[in-house]
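Taking it in order: structure first as structure tokens, then the write-up.
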Amino acid sequence: MSYILEAKDLRKQYPDKLALKNLNLQLSPGEVFCLLGQNGAGKSTTINLFLGFIAPTAGAAYLGGLEVARHPLEIKKLLAYIPENVLLYPHLTGLENLALLSGLAGFKYRESELRDYLTQAGLPPEAAQRRVSTYSKGMRQKVGIASAVAKRAQVLLLDEPTSGLDPKASNEFSELLRLLSGQGTAVFMATHDIFRAKEVGTRVGIMREGELVDVRPTAALNANELEQLYLTHMQ
Amino acid sequence: MRLFRLLFYYEYLHFKAARGLLLLTGLLLAAGLYGIYYGTAEVARQRQHLAELPDLGRHQVAELQTKFPGPADAGDIGYYHQNYALHHPTAWAGLALGQRDVNPYYLKLRLLGLQGQLYASENVNPAKALSGNFDLAFVLVYLFPLLIIALGFNLLSSEREQGILPLLLAQPVSATQLVIAKLAFRLAVVLGLGALLSALGLYWARVPLDGRVGLWLALGGLYCLFWFGVVLLVTAWQRSSSFNAVALLGAWLTLVVLVPSLLSVYVAAARPVPQGLALTIQQREAIHSGWDRPKDETMRQFFAHYPQYRDTTTIRERFVWRWYYAFQYLGDQSAAPLARAYATGQAQRHALAQQLVWLSPALSAQLSFNALAGTDLPAHLAFQQSATRYHDALRALYYPFLFDKIPFTHADYARLPTHSFTSPTDTGAAWAGLGQLLLSVGAVYGLGLTMLRGRAITPR
């Protein structure tokens with residue numbers, strides 16, 4: 001079976017710390033994998049390894065069957081990345097930022113199409129033409145989502161994407177993730193939010209001190225059981 | 001290419017939004033325009049002075065003709081009549097004044113000893129000399145790097161510090177592509193500004209459009225490219241914007257101010273040259289001792305140089321002009337070894353400086369611009385040699401009158417030689433400077449690109 005995202009004995013050792021210990025993981029198209037763990041557990045390191053921002057000490061990360069370290073530009077056509085805090089050029093409008101990000105990904109959209117993507121992502125229509133310096137964090141997050149959709153990414157790498165969003169915005173975000181996964185997009189989301197993970201994830205993994213210590217299908221657990229499982233691993 | 005165009009366009013949007021940079025670019029444009037005005041106005045002033053001197057000479061002749069209505073002793077005429085050696089500027093001089101502000105652009109020469117007259121010039125305002133020339137070459141060599149630094153100190157660090165870089169590098173674009181596109185836009189701004197100012201300067205100074213125009217543009221372009229290479233080098237280091245700014249300003253201070261100053265001190269120490277004042281004193285002492293020396297001895301020494309006048313009658317009078325001019329001549333002869341040492345020493349200094357300019361591309365560019373404009377040290381030395389030959393010609397004209405005792409009539413004024421010198425532009429030196437700049441550009445880009453490729457750009 002071909003996986004859209006795969007880690008084979010993926011390891012990252014810093015001089016003073018083992019950040020990721022031999023991660024083995026596979027994601028199929030349409031799957032939403034939520035990675036839970038405390039700060040410093042290795043969640044962001046895992047995402048950075050899939051982005052090619054850092055090189056693995058051992059093992060390999062694959063996207064669409066391509067090894068990330070060997071195909072740093074090709075794999076970026078397949079993925080979209082939304083960090084905890086989407087930061088954009090503040091002096092440009094939302095439309096201009098989106099045109100840049102989608103343009104870098106190789107897509108050239110008309111302004112009306114870009115507006116549609118922003119609206120689909122939940123940005124008020126009148127905000128598209130405003131400078132990003134006037135946006136809230138949630139609005140910037142929506143531009144990030146719009147760029148992921150416009151890029152037609154096969155994999156979404158999300159690093160605490162709902163952190164700091166209000167409940168309504170978080171809910172809208174979850175809806176959008178469900179929509180995208182329904183269309184076949186694989187989602188790899190690092191999060192602290194157990195309930196969001198249960199809500200949108202198809203599988204959850206628990207990471208502790210760089211090691212993926214447990215992986216469960218979310219359908220087999222209710223929210224309380226997941227919380228209990230998480231707390232057990234964190235002790 | 002599409003990616004490059006996109007990044008280039010967005011750099012334009014960033015530039016348009018950065019009011020500080022727009023203001024700085026505008027200021028540099030204004031500084032460049034002022035530089036063109038300053039240089040061309042200074043050259044126009046010098047040209048006007050030079051144009052007035054022949055009239056002044058004619059006026060002096062008219063005064064002498066009034067003072068000496070009949071045939072006169074050539075000694076009187078040689079003593080009172082001022083002849084002018086003129087150093088005309090090239091059309092390029094307005095763009096790079098070089099040493100034309102500190103060295104005399106004309107000399108008043110009488111039949112007296114030459115050396116004292118060669119180094120006698122108008123006093124220069126020391127405060128003005130200290131501040132130097134604010135010509136276009138100054139703007140290009142000293143101020144353009146500051147704009148390049150302002151445009152480039154946060155080339156990639158700005159995106160990193162604003163947190164935008166991870167999102168950009170999550171797209172199928174490499175950090176090298178980002179850096180190159182950013183550099184290309186900034187280069188276009190700076191080269192465009194440099195080309196605009198150069199075009200205006202060339203037009204304003206009425207420079208003839210020949211191959212030297214290409215050389216000027218190539219020198220300016222390569223010099224700017226060098227500074228962008230320094231920006232690339234510092235960017236590849238991947239430090240903060242503030243660190244980059246300090247590093248780049250340090251590089252500017254080192255290459256534009258410190259190294260040229262140290263080179264100047266080193267060259268002066270390594271190639272000691274007698275001062276023009278020492279020459280003048282040596283000559284004056286020799287001349288003054290001439291008054292006390294027995295006339296026979298003076299004339300014997302003089303005739304050793306001019307045997308054709310040996311038959312001249314023995315001097316018994318207390319004062320005769322031919323004896324006076326003989327010891328003037330001997331004063332020059334006495335200072336001749338010092339004068340040769342001065343000229344040779346100056347040329348050796350220049351040659352040594354040319355060998356060392358690769359240490360500072362700023363100095364290389366400045367000297368190349370001066371060479372192209374004919375305003376450098378060799379141009380001045382060539383003028384001094386030309387003025388010396390002119391003085392020789394004056395002696396050659398007057399001596400038969402003096403020693404053969406021929407009266408100097410009004411008609412003889414027309415036989416007085418005139419002088420005009422325009423230093424040729426030294427394209428050879430400018431080409432050499434271009435080669436040095438090319439090597440500097442190659443070195444800095446080679447190192448910068450190696451560093452950029454060798455050290456993965458970290459988005460955070």
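Labeling convention for the structure tokens: chains A, B, ... as they appear, residues from 1 per chain, ligands from 1 in order of appearance.
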
Set out as a Markdown table a contact list for range 68-174 of chain A and range 164-178 of chain B with a cut-off of 12 Å, giving each residue of range 68-174 of chain A that qualifies its closest atom pair and distance in Å to one decimal, counting only C-alpha atoms, ordered by chain and rising residue number.
```
| residue | atom | partner | partner_atom | distance |
| --- | --- | --- | --- | --- |
| A:His71 | CA | B:Pro172 | CA | 10.2 |
| A:Pro72 | CA | B:Pro172 | CA | 7.9 |
| A:Leu73 | CA | B:Pro172 | CA | 4.7 |
| A:Glu74 | CA | B:Pro172 | CA | 6.6 |
| A:Ile75 | CA | B:Pro172 | CA | 7.7 |
| A:Lys76 | CA | B:Pro172 | CA | 4.9 |
| A:Lys77 | CA | B:Pro172 | CA | 5.7 |
| A:Leu78 | CA | B:Pro172 | CA | 9.1 |
| A:Leu79 | CA | B:Ala170 | CA | 7.8 |
| A:Ala80 | CA | B:Ala170 | CA | 6.9 |
| A:Tyr81 | CA | B:Ala170 | CA | 6.4 |
| A:Ile82 | CA | B:Leu167 | CA | 7.6 |
| A:Pro83 | CA | B:Leu167 | CA | 8.0 |
| A:Glu84 | CA | B:Leu167 | CA | 11.3 |
| A:Asn85 | CA | B:Ile164 | CA | 9.9 |
| A:Val86 | CA | B:Leu167 | CA | 7.8 |
| A:Leu87 | CA | B:Ile164 | CA | 5.2 |
| A:Leu88 | CA | B:Ile164 | CA | 5.5 |
| A:Tyr89 | CA | B:Ile164 | CA | 7.0 |
| A:Pro90 | CA | B:Ile164 | CA | 9.8 |
| A:Asn97 | CA | B:Leu168 | CA | 10.4 |
| A:Leu98 | CA | B:Leu168 | CA | 11.2 |
| A:Leu100 | CA | B:Leu168 | CA | 8.9 |
| A:Leu101 | CA | B:Leu168 | CA | 6.9 |
| A:Ser102 | CA | B:Gln171 | CA | 8.4 |
| A:Gly103 | CA | B:Gln171 | CA | 9.2 |
| A:Leu104 | CA | B:Gln171 | CA | 6.0 |
| A:Ala105 | CA | B:Gln171 | CA | 5.5 |
| A:Gly106 | CA | B:Pro172 | CA | 8.1 |
| A:Phe107 | CA | B:Gln171 | CA | 11.2 |
| A:Arg140 | CA | B:Ile164 | CA | 11.7 |
| A:Gln141 | CA | B:Leu167 | CA | 11.7 |
| A:Val143 | CA | B:Leu167 | CA | 11.4 |
| A:Gly144 | CA | B:Leu167 | CA | 8.6 |
| A:Ile145 | CA | B:Leu167 | CA | 11.6 |
| A:Ser147 | CA | B:Leu167 | CA | 10.0 |
| A:Ala148 | CA | B:Gln171 | CA | 10.2 |
| A:Lys151 | CA | B:Gln171 | CA | 9.2 |
| A:Ala153 | CA | B:Gln171 | CA | 10.6 |
| A:Val155 | CA | B:Ala170 | CA | 12.0 |
| A:Leu156 | CA | B:Ala170 | CA | 11.0 |
| A:Leu157 | CA | B:Ala170 | CA | 9.9 |
| A:Leu158 | CA | B:Leu167 | CA | 11.6 |
| A:Asp159 | CA | B:Pro166 | CA | 11.8 |
```

Item checked: Shell of 12 Å around Leu439 in chain B, only C-alpha atoms, local chain residues under 4 positions omitted, as a PyMOL selection string -> chain B and resi 222-223+225-226+229+357-361+364+432-435+443-446

Margin query: Residues within 8 Å of range 197-203 of chain B, please, as an NGL selection string. Count only C-alpha atoms; anything in the same chain fewer than 5 positions from it doesn't count.
Written below: :B and (29 or 32-33 or 36 or 92 or 95 or 136 or 217)

Please dump the current selection as a short mmCIF file (atom, residue, chain, number, x, y, z; two decimals), in the first residue's frame; keep C-alpha atoms.
```cif
data_model
loop_
_atom_site.label_atom_id
_atom_site.label_comp_id
_atom_site.auth_asym_id
_atom_site.auth_seq_id
_atom_site.Cartn_x
_atom_site.Cartn_y
_atom_site.Cartn_z
CA LEU B 29 19.07 60.79 -5.95
CA GLY B 32 23.71 62.54 -6.84
CA LEU B 33 22.12 65.53 -8.55
CA ILE B 36 26.72 66.50 -10.58
CA TRP B 92 34.87 64.12 -17.58
CA LEU B 95 32.07 63.94 -12.73
CA LEU B 136 29.25 62.22 -8.70
CA LEU B 217 29.15 52.58 -16.39
#
```

Checklist line | Near-Ala362 in chain B list (6 Å; only C-alpha atoms; drop same-chain fewer than 3 positions) as a list in words | finding: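 Final neighbour list, sorted by chain and number: Val141, Val256 and Ala365 of chain B.
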
Next item on the list: Find the residue from B:Val273, B:Leu209, B:Val43, B:Leu263 that sits nearest to Gly98 in chain B; use only C-alpha atoms when measuring.
Entry: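 Ranking B:Val273, B:Leu209, B:Val43, B:Leu263 by distance to Gly98 in chain B, first place goes to B:Val43.
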
Checklist line | Nearest residue to Val139 in chain B from the set B:Pro69, B:Gly35, B:Pro424, B:Pro104 (distances using only C-alpha atoms) | finding: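 Nearest candidate to Val139 in chain B out of B:Pro69, B:Gly35, B:Pro424, B:Pro104: B:Gly35.
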